[in-house]
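One file, my_file.csv, carrying CSV, C-alpha atoms:
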```csv
chain,number,residue,atom,x,y,z
A,89,MET,CA,15.6,-42.9,39.8
A,90,ILE,CA,15.9,-45.6,37.1
A,91,SER,CA,18.2,-44.5,34.3
A,92,LYS,CA,16.6,-43.8,30.9
A,93,ALA,CA,18.5,-46.6,29.3
A,94,THR,CA,17.3,-49.2,31.9
A,95,LEU,CA,13.8,-47.8,31.6
A,96,GLY,CA,13.9,-48.2,27.9
A,97,ARG,CA,14.7,-51.9,28.2
A,98,LEU,CA,12.0,-52.7,30.8
A,99,PRO,CA,9.2,-53.2,28.2
A,100,ILE,CA,11.5,-55.7,26.4
A,101,TYR,CA,12.1,-57.7,29.6
A,102,LEU,CA,8.5,-57.5,30.5
A,103,THR,CA,7.3,-58.9,27.2
A,104,TYR,CA,9.9,-61.7,27.4
A,105,LEU,CA,8.9,-62.6,31.0
A,106,LYS,CA,5.3,-62.8,30.2
A,107,GLN,CA,5.9,-65.0,27.1
A,108,GLN,CA,7.6,-67.7,29.3
A,109,ASP,CA,5.6,-70.8,30.0
A,110,SER,CA,3.7,-70.5,33.3
A,111,SER,CA,5.5,-73.5,34.7
A,112,ILE,CA,8.7,-71.4,34.9
A,113,HIS,CA,8.8,-70.0,38.4
A,114,ASP,CA,12.4,-68.8,38.6
A,115,ILE,CA,14.5,-67.1,36.1
A,116,SER,CA,18.0,-65.8,36.2
A,117,ALA,CA,19.6,-62.7,34.8
A,118,THR,CA,21.8,-64.9,32.7
A,119,GLY,CA,18.8,-66.8,31.3
A,120,ILE,CA,17.1,-63.6,30.3
A,121,ALA,CA,20.3,-62.2,28.8
A,122,LYS,CA,20.6,-65.4,26.7
A,123,GLY,CA,17.0,-65.4,25.7
A,124,LEU,CA,17.2,-61.8,24.5
A,125,SER,CA,20.8,-61.8,23.2
A,126,LEU,CA,21.7,-59.0,25.5
A,127,GLY,CA,24.8,-58.6,27.7
A,128,ASP,CA,24.8,-60.5,30.9
A,129,VAL,CA,26.2,-57.6,33.0
A,130,GLN,CA,23.7,-55.1,31.6
A,131,VAL,CA,20.7,-57.4,32.3
A,132,ARG,CA,22.0,-58.0,35.8
A,133,LYS,CA,22.3,-54.3,36.5
A,134,ASP,CA,18.9,-53.5,35.0
A,135,LEU,CA,17.1,-56.2,37.1
A,136,SER,CA,18.8,-55.2,40.3
A,137,ALA,CA,17.8,-51.5,39.7
A,138,VAL,CA,14.1,-52.5,39.6
A,139,CYS,CA,13.9,-55.6,41.8
A,140,GLY,CA,17.0,-55.8,44.0
A,141,SER,CA,19.5,-58.6,43.7
A,142,GLY,CA,18.1,-62.1,42.9
A,143,LYS,CA,18.5,-65.2,45.0
A,144,PRO,CA,21.9,-67.0,44.6
A,145,LYS,CA,21.6,-69.7,42.0
A,146,THR,CA,17.8,-69.5,41.3
A,147,GLY,CA,17.7,-65.8,40.4
A,148,TYR,CA,14.3,-64.1,40.5
A,149,ASN,CA,10.8,-65.3,41.0
A,150,ARG,CA,9.3,-64.7,37.6
A,151,LEU,CA,6.0,-63.2,38.7
A,152,GLU,CA,7.7,-61.0,41.3
A,153,LEU,CA,10.0,-59.7,38.6
A,154,ILE,CA,7.0,-59.0,36.4
A,155,SER,CA,5.3,-57.1,39.2
A,156,CYS,CA,8.5,-55.1,40.0
A,157,MET,CA,8.8,-54.1,36.4
A,158,GLU,CA,5.2,-53.1,36.0
A,159,LYS,CA,5.5,-51.0,39.1
A,160,ALA,CA,8.6,-49.3,37.8
A,161,LEU,CA,6.8,-48.6,34.5
A,162,GLY,CA,3.9,-47.0,36.4
A,163,TYR,CA,1.3,-49.7,35.7
A,164,GLY,CA,-1.6,-49.4,38.0
A,165,ARG,CA,-0.9,-45.7,38.6
A,166,GLU,CA,-1.2,-44.5,35.0
A,167,SER,CA,-0.6,-40.9,34.5
A,168,GLU,CA,-2.3,-38.7,32.0
A,169,ALA,CA,-0.4,-36.1,30.1
A,170,VAL,CA,-1.8,-33.3,28.0
A,171,ILE,CA,-0.6,-31.7,24.8
A,172,VAL,CA,-0.6,-27.9,24.4
A,173,GLY,CA,-0.5,-27.0,20.7
A,174,ALA,CA,-2.5,-29.2,18.3
A,175,GLY,CA,-0.5,-28.4,15.2
A,176,LYS,CA,1.0,-31.3,13.1
A,177,LEU,CA,3.4,-32.4,15.8
A,178,GLY,CA,0.9,-32.2,18.6
A,179,GLN,CA,-1.6,-34.2,16.6
A,180,ALA,CA,1.1,-36.7,15.6
A,181,LEU,CA,1.9,-37.2,19.3
A,182,LEU,CA,-1.8,-37.4,20.2
A,183,GLY,CA,-2.1,-40.3,17.7
A,184,PHE,CA,1.1,-42.0,18.8
A,185,ARG,CA,0.7,-45.5,20.1
A,186,GLY,CA,3.5,-46.4,22.5
A,187,PHE,CA,3.1,-44.1,25.5
A,188,CYS,CA,0.8,-46.6,27.2
A,189,GLU,CA,3.8,-49.0,27.4
A,190,TYR,CA,5.2,-46.7,30.0
A,191,GLY,CA,2.0,-46.1,31.9
A,192,ILE,CA,1.2,-42.8,30.3
A,193,GLU,CA,-2.1,-41.8,28.7
A,194,LEU,CA,-2.5,-39.1,26.1
A,195,LYS,CA,-6.2,-38.3,25.6
A,196,ALA,CA,-6.4,-34.6,25.0
A,197,ALA,CA,-4.7,-31.7,23.2
A,198,PHE,CA,-5.4,-28.0,23.7
A,199,ASP,CA,-5.2,-25.2,21.2
A,200,ASN,CA,-6.4,-21.6,20.8
A,201,ALA,CA,-7.3,-21.9,17.1
A,202,SER,CA,-11.0,-22.6,16.7
A,203,GLU,CA,-10.5,-24.5,13.4
A,204,ARG,CA,-8.5,-27.1,15.3
A,205,ILE,CA,-11.0,-27.6,18.1
A,206,GLY,CA,-13.0,-30.8,17.9
A,207,GLY,CA,-12.6,-34.5,18.9
A,208,ALA,CA,-9.6,-34.8,21.3
A,209,VAL,CA,-8.6,-31.2,20.7
A,210,LEU,CA,-10.1,-28.8,23.3
A,211,PRO,CA,-10.0,-25.0,23.7
A,212,ILE,CA,-7.0,-23.9,25.6
A,213,GLU,CA,-9.3,-22.2,28.2
A,214,GLU,CA,-10.4,-25.6,29.4
A,215,LEU,CA,-6.9,-26.7,30.3
A,216,PRO,CA,-7.0,-25.7,34.0
A,217,ALA,CA,-10.3,-27.5,34.6
A,218,TYR,CA,-9.2,-30.5,32.7
A,219,CYS,CA,-5.9,-30.8,34.6
A,220,ALA,CA,-7.6,-30.4,37.9
A,221,LEU,CA,-10.3,-33.0,37.1
A,222,HIS,CA,-7.8,-35.6,35.7
A,223,GLN,CA,-4.9,-34.8,38.0
A,224,VAL,CA,-2.6,-34.1,35.1
A,225,GLU,CA,0.9,-33.1,36.0
A,226,ILE,CA,2.7,-33.7,32.7
A,227,GLY,CA,2.4,-31.4,29.7
A,228,ILE,CA,3.8,-31.6,26.2
A,229,LEU,CA,4.4,-28.3,24.6
A,230,THR,CA,4.2,-28.2,20.8
A,231,VAL,CA,3.4,-24.6,20.1
A,232,PRO,CA,5.4,-22.2,17.8
A,233,PRO,CA,8.5,-20.8,19.7
A,234,GLU,CA,7.0,-17.3,20.0
A,235,ALA,CA,4.1,-18.7,22.0
A,236,ALA,CA,6.1,-21.1,24.1
A,237,GLN,CA,6.7,-18.9,27.2
A,238,GLU,CA,3.1,-17.8,27.5
A,239,SER,CA,1.8,-21.3,27.0
A,240,ALA,CA,4.2,-22.8,29.5
A,241,GLU,CA,3.2,-20.2,32.2
A,242,PHE,CA,-0.5,-21.1,31.5
A,243,MET,CA,0.3,-24.8,31.9
A,244,VAL,CA,2.1,-24.2,35.2
A,245,LYS,CA,-0.9,-22.2,36.5
A,246,ALA,CA,-3.1,-25.2,35.5
A,247,GLY,CA,-1.0,-27.4,37.8
A,248,ILE,CA,1.5,-28.9,35.3
A,249,LYS,CA,4.7,-29.9,37.1
A,250,ALA,CA,6.8,-31.3,34.2
A,251,ILE,CA,7.0,-30.0,30.6
A,252,TRP,CA,8.3,-31.8,27.6
A,253,CYS,CA,9.1,-28.9,25.3
A,254,PHE,CA,9.4,-29.3,21.6
A,255,SER,CA,9.4,-25.6,20.9
A,256,SER,CA,12.9,-24.2,20.3
A,257,ALA,CA,12.6,-21.7,23.1
A,258,SER,CA,14.3,-21.3,26.5
A,259,LEU,CA,11.5,-21.2,29.1
A,260,SER,CA,11.7,-19.1,32.2
A,261,LEU,CA,9.7,-20.9,34.9
A,262,PRO,CA,9.7,-21.5,38.6
A,263,LYS,CA,12.6,-23.7,39.4
A,264,GLU,CA,10.4,-26.5,40.8
A,265,ILE,CA,9.0,-27.1,37.3
A,266,CYS,CA,10.9,-29.8,35.5
A,267,VAL,CA,11.5,-29.0,31.8
A,268,HIS,CA,12.9,-31.4,29.3
A,269,TYR,CA,13.8,-29.8,26.0
A,270,GLU,CA,13.5,-32.0,22.9
A,271,ASN,CA,15.8,-30.6,20.3
A,272,LEU,CA,14.9,-32.7,17.2
A,273,ALA,CA,17.2,-30.7,14.9
A,274,LEU,CA,20.1,-31.5,17.2
A,275,SER,CA,19.4,-35.2,17.2
A,276,LEU,CA,19.4,-35.2,13.4
A,277,ALA,CA,22.6,-33.1,13.3
A,278,HIS,CA,24.3,-35.6,15.6
A,279,LEU,CA,23.3,-38.4,13.3
A,280,LYS,CA,24.6,-36.5,10.3
A,281,GLN,CA,28.1,-36.2,11.9
A,282,LYS,CA,28.3,-40.0,11.8
A,283,THR,CA,27.9,-40.1,8.0
A,284,VAL,CA,30.7,-37.7,7.3
B,89,MET,CA,33.3,-36.3,16.7
B,90,ILE,CA,31.9,-33.4,18.6
B,91,SER,CA,29.6,-34.4,21.4
B,92,LYS,CA,25.9,-33.9,21.1
B,93,ALA,CA,25.9,-31.4,24.0
B,94,THR,CA,28.6,-29.3,22.5
B,95,LEU,CA,26.9,-29.4,19.1
B,96,GLY,CA,23.7,-28.2,20.6
B,97,ARG,CA,25.4,-25.1,22.0
B,98,LEU,CA,27.2,-24.1,18.8
B,99,PRO,CA,24.2,-22.2,17.3
B,100,ILE,CA,24.0,-20.2,20.6
B,101,TYR,CA,27.7,-19.3,20.4
B,102,LEU,CA,27.4,-18.5,16.7
B,103,THR,CA,24.5,-16.1,17.2
B,104,TYR,CA,26.4,-14.4,20.0
B,105,LEU,CA,29.7,-14.1,18.0
B,106,LYS,CA,27.9,-12.6,15.0
B,107,GLN,CA,26.0,-10.1,17.2
B,108,GLN,CA,29.3,-8.6,18.4
B,109,ASP,CA,30.4,-5.3,17.1
B,110,SER,CA,32.7,-5.7,14.0
B,111,SER,CA,35.4,-3.8,15.8
B,112,ILE,CA,35.9,-6.7,18.2
B,113,HIS,CA,38.6,-8.9,16.7
B,114,ASP,CA,39.5,-11.1,19.6
B,115,ILE,CA,37.3,-12.8,22.1
B,116,SER,CA,38.0,-15.1,25.0
B,117,ALA,CA,36.2,-18.1,26.3
B,118,THR,CA,35.7,-16.3,29.5
B,119,GLY,CA,34.2,-13.3,27.7
B,120,ILE,CA,31.7,-15.6,25.8
B,121,ALA,CA,30.8,-17.4,29.0
B,122,LYS,CA,30.0,-14.1,30.8
B,123,GLY,CA,28.1,-12.8,27.8
B,124,LEU,CA,25.9,-15.9,27.7
B,125,SER,CA,25.8,-16.7,31.4
B,126,LEU,CA,27.3,-20.1,30.8
B,127,GLY,CA,30.0,-21.9,32.8
B,128,ASP,CA,33.6,-20.9,32.0
B,129,VAL,CA,34.9,-24.5,31.9
B,130,GLN,CA,32.1,-25.7,29.6
B,131,VAL,CA,32.6,-22.8,27.1
B,132,ARG,CA,36.4,-23.4,27.1
B,133,LYS,CA,35.9,-27.1,26.3
B,134,ASP,CA,33.3,-26.4,23.6
B,135,LEU,CA,35.5,-23.9,21.9
B,136,SER,CA,38.6,-26.1,22.0
B,137,ALA,CA,36.6,-29.0,20.5
B,138,VAL,CA,35.7,-27.0,17.4
B,139,CYS,CA,38.6,-24.6,17.1
B,140,GLY,CA,41.6,-25.8,19.1
B,141,SER,CA,42.9,-23.9,22.0
B,142,GLY,CA,42.9,-20.1,21.8
B,143,LYS,CA,45.9,-17.8,22.0
B,144,PRO,CA,47.1,-17.1,25.6
B,145,LYS,CA,45.5,-13.9,26.9
B,146,THR,CA,43.7,-12.8,23.7
B,147,GLY,CA,41.7,-15.9,23.2
B,148,TYR,CA,40.3,-16.5,19.7
B,149,ASN,CA,40.1,-14.4,16.6
B,150,ARG,CA,36.3,-13.8,16.4
B,151,LEU,CA,35.9,-14.4,12.6
B,152,GLU,CA,38.1,-17.5,12.7
B,153,LEU,CA,35.9,-18.8,15.6
B,154,ILE,CA,32.8,-18.1,13.6
B,155,SER,CA,34.3,-19.9,10.6
B,156,CYS,CA,35.2,-23.0,12.7
B,157,MET,CA,31.7,-23.2,14.1
B,158,GLU,CA,30.0,-22.9,10.8
B,159,LYS,CA,32.3,-25.6,9.5
B,160,ALA,CA,31.4,-27.8,12.5
B,161,LEU,CA,27.7,-27.2,11.9
B,162,GLY,CA,28.1,-28.2,8.3
B,163,TYR,CA,27.5,-24.8,6.7
B,164,GLY,CA,28.6,-24.6,3.1
B,165,ARG,CA,28.2,-28.4,2.8
B,166,GLU,CA,24.5,-28.6,3.6
B,167,SER,CA,23.2,-32.1,3.6
B,168,GLU,CA,19.7,-33.0,2.5
B,169,ALA,CA,17.7,-35.6,4.4
B,170,VAL,CA,14.5,-37.3,3.3
B,171,ILE,CA,11.5,-38.5,5.2
B,172,VAL,CA,9.9,-41.9,4.5
B,173,GLY,CA,6.4,-42.0,5.8
B,174,ALA,CA,4.3,-38.9,5.3
B,175,GLY,CA,1.8,-39.5,8.1
B,176,LYS,CA,1.3,-36.8,10.8
B,177,LEU,CA,4.7,-37.1,12.3
B,178,GLY,CA,6.5,-37.2,8.9
B,179,GLN,CA,4.5,-34.1,7.8
B,180,ALA,CA,5.2,-32.4,11.1
B,181,LEU,CA,9.0,-32.9,10.7
B,182,LEU,CA,8.8,-31.8,7.0
B,183,GLY,CA,7.3,-28.5,8.2
B,184,PHE,CA,9.8,-28.1,11.1
B,185,ARG,CA,11.9,-25.0,11.0
B,186,GLY,CA,15.2,-25.6,12.8
B,187,PHE,CA,17.1,-28.3,10.9
B,188,CYS,CA,18.7,-25.6,8.7
B,189,GLU,CA,20.5,-24.3,11.8
B,190,TYR,CA,22.5,-27.5,11.7
B,191,GLY,CA,23.1,-27.5,7.9
B,192,ILE,CA,20.4,-29.9,7.1
B,193,GLU,CA,17.7,-29.5,4.5
B,194,LEU,CA,14.4,-31.4,4.5
B,195,LYS,CA,12.6,-30.9,1.2
B,196,ALA,CA,10.8,-34.1,0.4
B,197,ALA,CA,8.9,-36.9,2.1
B,198,PHE,CA,8.0,-40.2,0.4
B,199,ASP,CA,4.9,-42.3,0.9
B,200,ASN,CA,3.1,-45.2,-0.8
B,201,ALA,CA,-0.4,-43.8,-0.1
B,202,SER,CA,-1.7,-42.0,-3.2
B,203,GLU,CA,-3.9,-39.7,-1.2
B,204,ARG,CA,-0.8,-38.3,0.5
B,205,ILE,CA,1.2,-37.6,-2.6
B,206,GLY,CA,1.4,-34.0,-3.7
B,207,GLY,CA,3.5,-30.9,-2.9
B,208,ALA,CA,6.6,-32.1,-1.1
B,209,VAL,CA,5.3,-35.6,-0.7
B,210,LEU,CA,6.5,-37.9,-3.5
B,211,PRO,CA,5.7,-41.5,-4.4
B,212,ILE,CA,8.0,-44.0,-2.6
B,213,GLU,CA,9.1,-45.4,-6.0
B,214,GLU,CA,10.9,-42.1,-6.7
B,215,LEU,CA,13.1,-42.4,-3.6
B,216,PRO,CA,16.1,-44.1,-5.3
B,217,ALA,CA,16.2,-41.6,-8.1
B,218,TYR,CA,15.8,-38.7,-5.8
B,219,CYS,CA,18.5,-39.8,-3.4
B,220,ALA,CA,20.9,-40.4,-6.3
B,221,LEU,CA,20.2,-37.0,-7.8
B,222,HIS,CA,20.4,-35.0,-4.5
B,223,GLN,CA,23.1,-37.2,-2.9
B,224,VAL,CA,21.0,-37.9,0.1
B,225,GLU,CA,22.5,-40.1,2.7
B,226,ILE,CA,20.3,-39.4,5.7
B,227,GLY,CA,16.7,-40.7,6.0
B,228,ILE,CA,14.0,-40.2,8.6
B,229,LEU,CA,11.8,-43.2,9.1
B,230,THR,CA,8.2,-42.4,10.2
B,231,VAL,CA,6.2,-45.3,9.0
B,232,PRO,CA,4.1,-47.6,11.2
B,233,PRO,CA,6.2,-50.3,13.0
B,234,GLU,CA,5.0,-53.1,10.8
B,235,ALA,CA,6.3,-51.3,7.6
B,236,ALA,CA,9.6,-50.2,9.2
B,237,GLN,CA,11.9,-53.1,8.2
B,238,GLU,CA,10.8,-53.2,4.6
B,239,SER,CA,11.0,-49.4,4.3
B,240,ALA,CA,14.4,-49.3,5.9
B,241,GLU,CA,15.7,-51.9,3.4
B,242,PHE,CA,14.4,-49.8,0.5
B,243,MET,CA,16.1,-46.7,1.9
B,244,VAL,CA,19.4,-48.6,2.2
B,245,LYS,CA,19.1,-49.7,-1.4
B,246,ALA,CA,18.4,-46.1,-2.4
B,247,GLY,CA,21.8,-45.1,-0.9
B,248,ILE,CA,20.8,-44.0,2.6
B,249,LYS,CA,23.6,-44.5,5.1
B,250,ALA,CA,22.0,-43.2,8.3
B,251,ILE,CA,18.5,-43.7,9.5
B,252,TRP,CA,16.7,-41.8,12.2
B,253,CYS,CA,14.0,-44.2,13.2
B,254,PHE,CA,10.8,-43.1,14.9
B,255,SER,CA,9.0,-46.4,14.4
B,256,SER,CA,9.1,-48.6,17.5
B,257,ALA,CA,10.8,-51.4,15.6
B,258,SER,CA,14.2,-53.1,15.8
B,259,LEU,CA,15.7,-52.9,12.3
B,260,SER,CA,17.9,-55.5,10.9
B,261,LEU,CA,20.3,-53.8,8.5
B,262,PRO,CA,23.9,-54.1,7.2
B,263,LYS,CA,26.2,-53.1,10.0
B,264,GLU,CA,27.7,-50.1,8.2
B,265,ILE,CA,24.3,-48.4,8.3
B,266,CYS,CA,24.0,-46.1,11.2
B,267,VAL,CA,20.6,-46.2,12.9
B,268,HIS,CA,19.4,-43.9,15.7
B,269,TYR,CA,16.2,-44.9,17.3
B,270,GLU,CA,14.0,-42.1,18.7
B,271,ASN,CA,11.9,-43.5,21.4
B,272,LEU,CA,9.5,-40.7,22.2
B,273,ALA,CA,7.5,-42.7,24.7
B,274,LEU,CA,10.7,-43.4,26.6
B,275,SER,CA,11.6,-39.7,26.8
B,276,LEU,CA,8.2,-38.9,28.2
B,277,ALA,CA,8.4,-41.8,30.7
B,278,HIS,CA,11.7,-40.5,31.9
B,279,LEU,CA,10.2,-37.1,32.5
B,280,LYS,CA,7.3,-38.7,34.3
B,281,GLN,CA,9.7,-40.3,36.8
B,282,LYS,CA,10.8,-36.9,37.8
B,283,THR,CA,7.3,-35.9,38.8
B,284,VAL,CA,6.8,-38.8,41.2
```

Just give me the structure of the file as structure tokens.
Amino acid sequence: MISKATLGRLPIYLTYLKQQDSSIHDISATGIAKGLSLGDVQVRKDLSAVCGSGKPKTGYNRLELISCMEKALGYGRESEAVIVGAGKLGQALLGFRGFCEYGIELKAAFDNASERIGGAVLPIEELPAYCALHQVEIGILTVPPEAAQESAEFMVKAGIKAIWCFSSASLSLPKEICVHYENLALSLAHLKQKTV
Amino acid sequence: MISKATLGRLPIYLTYLKQQDSSIHDISATGIAKGLSLGDVQVRKDLSAVCGSGKPKTGYNRLELISCMEKALGYGRESEAVIVGAGKLGQALLGFRGFCEYGIELKAAFDNASERIGGAVLPIEELPAYCALHQVEIGILTVPPEAAQESAEFMVKAGIKAIWCFSSASLSLPKEICVHYENLALSLAHLKQKTV
């Protein structure tokens, strides 16, 4: 698996590689590092993680490198993710541009409050059918903490295999389900430490 | 500085310590680890990071440990943070319960769109006066990418020393300003990798 740090730099490399003149066939890690003012060693490591080691002296074929990066970012096999909980955070994420850069589409959110249903927000009962139809395996959980466990279980039943959990709750789920807890308060607390 | 992982566990320890019967004066890392089903080594490391090493055999004085943790979490010297950009994400963060657990208060957001002003959302022009009055040094940036640089500069002029940036932009600021970029798309992409 590609590290999160490397993954985060791929869109930067990709943009850079695509911006180059089409007459440029080969490009070296050093060249990219210079062009982007990044460390040579880091770029070398990142490129080899997604595209193996380049050829001695010439480096990488530019188009091949682009293709490797697009593959690593999931282009061509876009995944759709769904949101459960269409409160303010859920709606903010639904409107967030930026997921597509990583081959992820967010088209629908689900909620049980009738006043929120409409547009891209669908009734929670429709989650299983939607996930089956669109082969959705990733879910974003943005419900209040007290509703988190029940909602997560419903998502798993609907076929979700990975949950990005924004609710401050500890979920008890089958161990094959991958859960990533996003603790926003902790991120801010960590930043606060640096100001002391 | 306390690591983010340790910091994240402090509220759990704190709740546990406070729940104990008041007759319990001393408590050991092993006892806490058992009570919380956490690893012994991890708990020992966490406690020593915030409260030094305990006494041999008896461990820590419970009230002293509580006091150390509250100090590490910033209790008694609560900081206020402000939000710049009161769109959906900004408003979601403004309504987020959970920051107080880490000694951070979020009371106001600032925006330049008149239709958003009202309640806890104040006009952006009032940011400098607000920060001066409330001694705010932490700012959360949730504006569109194209407005990020200008907004960040305005925050720095207003006295902000640390910025939590949700805009997908690379800020160019004086080097003493601490910036933490929150790349939500990347977090989701990383989770997606695990489902493949």

The residues within 8 Å of (32.7, -27.3, 22.8), using all atoms listed in the file and the coordinates of the file, should be reported as a ChimeraX atom specification; which are they?
/B:90-91,94-95,97-98,130-138

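Note that CA of Gly178 (chain B) and CA of Leu272 (chain A) are 12.6 Å apart.
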
If you count only C-alpha atoms, the residue of B:Val244, B:Leu210, B:Cys253, B:Ala180 closest to chain A turns out to be B:Ala180

How many Å lie between CA of Ala273 (chain A) and CA of Ala93 (chain B), rounded to one decimal?
->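 Calculated distance between CA of Ala273 (chain A) and CA of Ala93 (chain B) is 12.6 Å.
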
For this session: Can you work out which one of B:Lys159, B:Lys263, B:Lys106, B:Lys92 has the shortest atom-to-atom distance to chain A, counting all atoms listed in the file?
Result: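 Checking each candidate against chain A, we get B:Lys92 as the closest.
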
Subject >> Contacts of region 199-203 of chain B within 9 Å, only C-alpha atoms, excl. fewer than 6 positions in-chain, as a ChimeraX atom specification >> reply: /B:171-175,209-213,231

Using only C-alpha atoms, the residue out of B:Leu126, B:Leu181, B:Ile226, B:Gly191 with shortest distance to Ala160 (chain B) is B:Gly191

Report task. Starting from chain B, keep only residues with some atom at most 7 Å from an atom of chain A, counting all atoms listed in the file, and report them as number ranges by chain. Result -> B: 92, 96, 176-177, 179-180, 186-187, 190, 226, 249-250, 273-274, 277-280, 283

Please dump the current selection as an mmCIF file, in the coordinates of the input; keep C-alpha atoms.
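part_18.cif, written as the output of this step:
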```cif
data_model
loop_
_atom_site.group_PDB
_atom_site.id
_atom_site.type_symbol
_atom_site.label_atom_id
_atom_site.label_comp_id
_atom_site.auth_asym_id
_atom_site.auth_seq_id
_atom_site.Cartn_x
_atom_site.Cartn_y
_atom_site.Cartn_z
ATOM 1 C CA LYS B 92 25.900 -33.900 21.100
ATOM 2 C CA GLY B 96 23.700 -28.200 20.600
ATOM 3 C CA LYS B 176 1.300 -36.800 10.800
ATOM 4 C CA LEU B 177 4.700 -37.100 12.300
ATOM 5 C CA GLN B 179 4.500 -34.100 7.800
ATOM 6 C CA ALA B 180 5.200 -32.400 11.100
ATOM 7 C CA GLY B 186 15.200 -25.600 12.800
ATOM 8 C CA PHE B 187 17.100 -28.300 10.900
ATOM 9 C CA TYR B 190 22.500 -27.500 11.700
ATOM 10 C CA ILE B 226 20.300 -39.400 5.700
ATOM 11 C CA LYS B 249 23.600 -44.500 5.100
ATOM 12 C CA ALA B 250 22.000 -43.200 8.300
ATOM 13 C CA ALA B 273 7.500 -42.700 24.700
ATOM 14 C CA LEU B 274 10.700 -43.400 26.600
ATOM 15 C CA ALA B 277 8.400 -41.800 30.700
ATOM 16 C CA HIS B 278 11.700 -40.500 31.900
ATOM 17 C CA LEU B 279 10.200 -37.100 32.500
ATOM 18 C CA LYS B 280 7.300 -38.700 34.300
ATOM 19 C CA THR B 283 7.300 -35.900 38.800
#
```

_Measuring between all atoms listed in the file, which one of A:Cys219, A:Leu153, A:Val129, A:Ile100 shows the shortest distance to Ile115 (chain A)?_
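Using all atoms listed in the file, Ile115 (chain A) sits closest to A:Leu153.
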
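Closest approach to Ala217 (chain B) among B:Leu124, B:Ala117, B:Ala246, B:Ala235 is made by B:Ala246 (distances from all atoms listed in the file).
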
*Restricting the calculation to all atoms listed in the file, which member of A:Gly123, A:Gly247, A:Pro233, A:Pro99 is positioned closest to Cys156 (chain A)?*
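So, comparing all the options, the nearest one is A:Pro99.
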
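One distance worth recording is that between CA of Lys122 (chain B) and CA of Gln237 (chain A), which is 24.1 Å.
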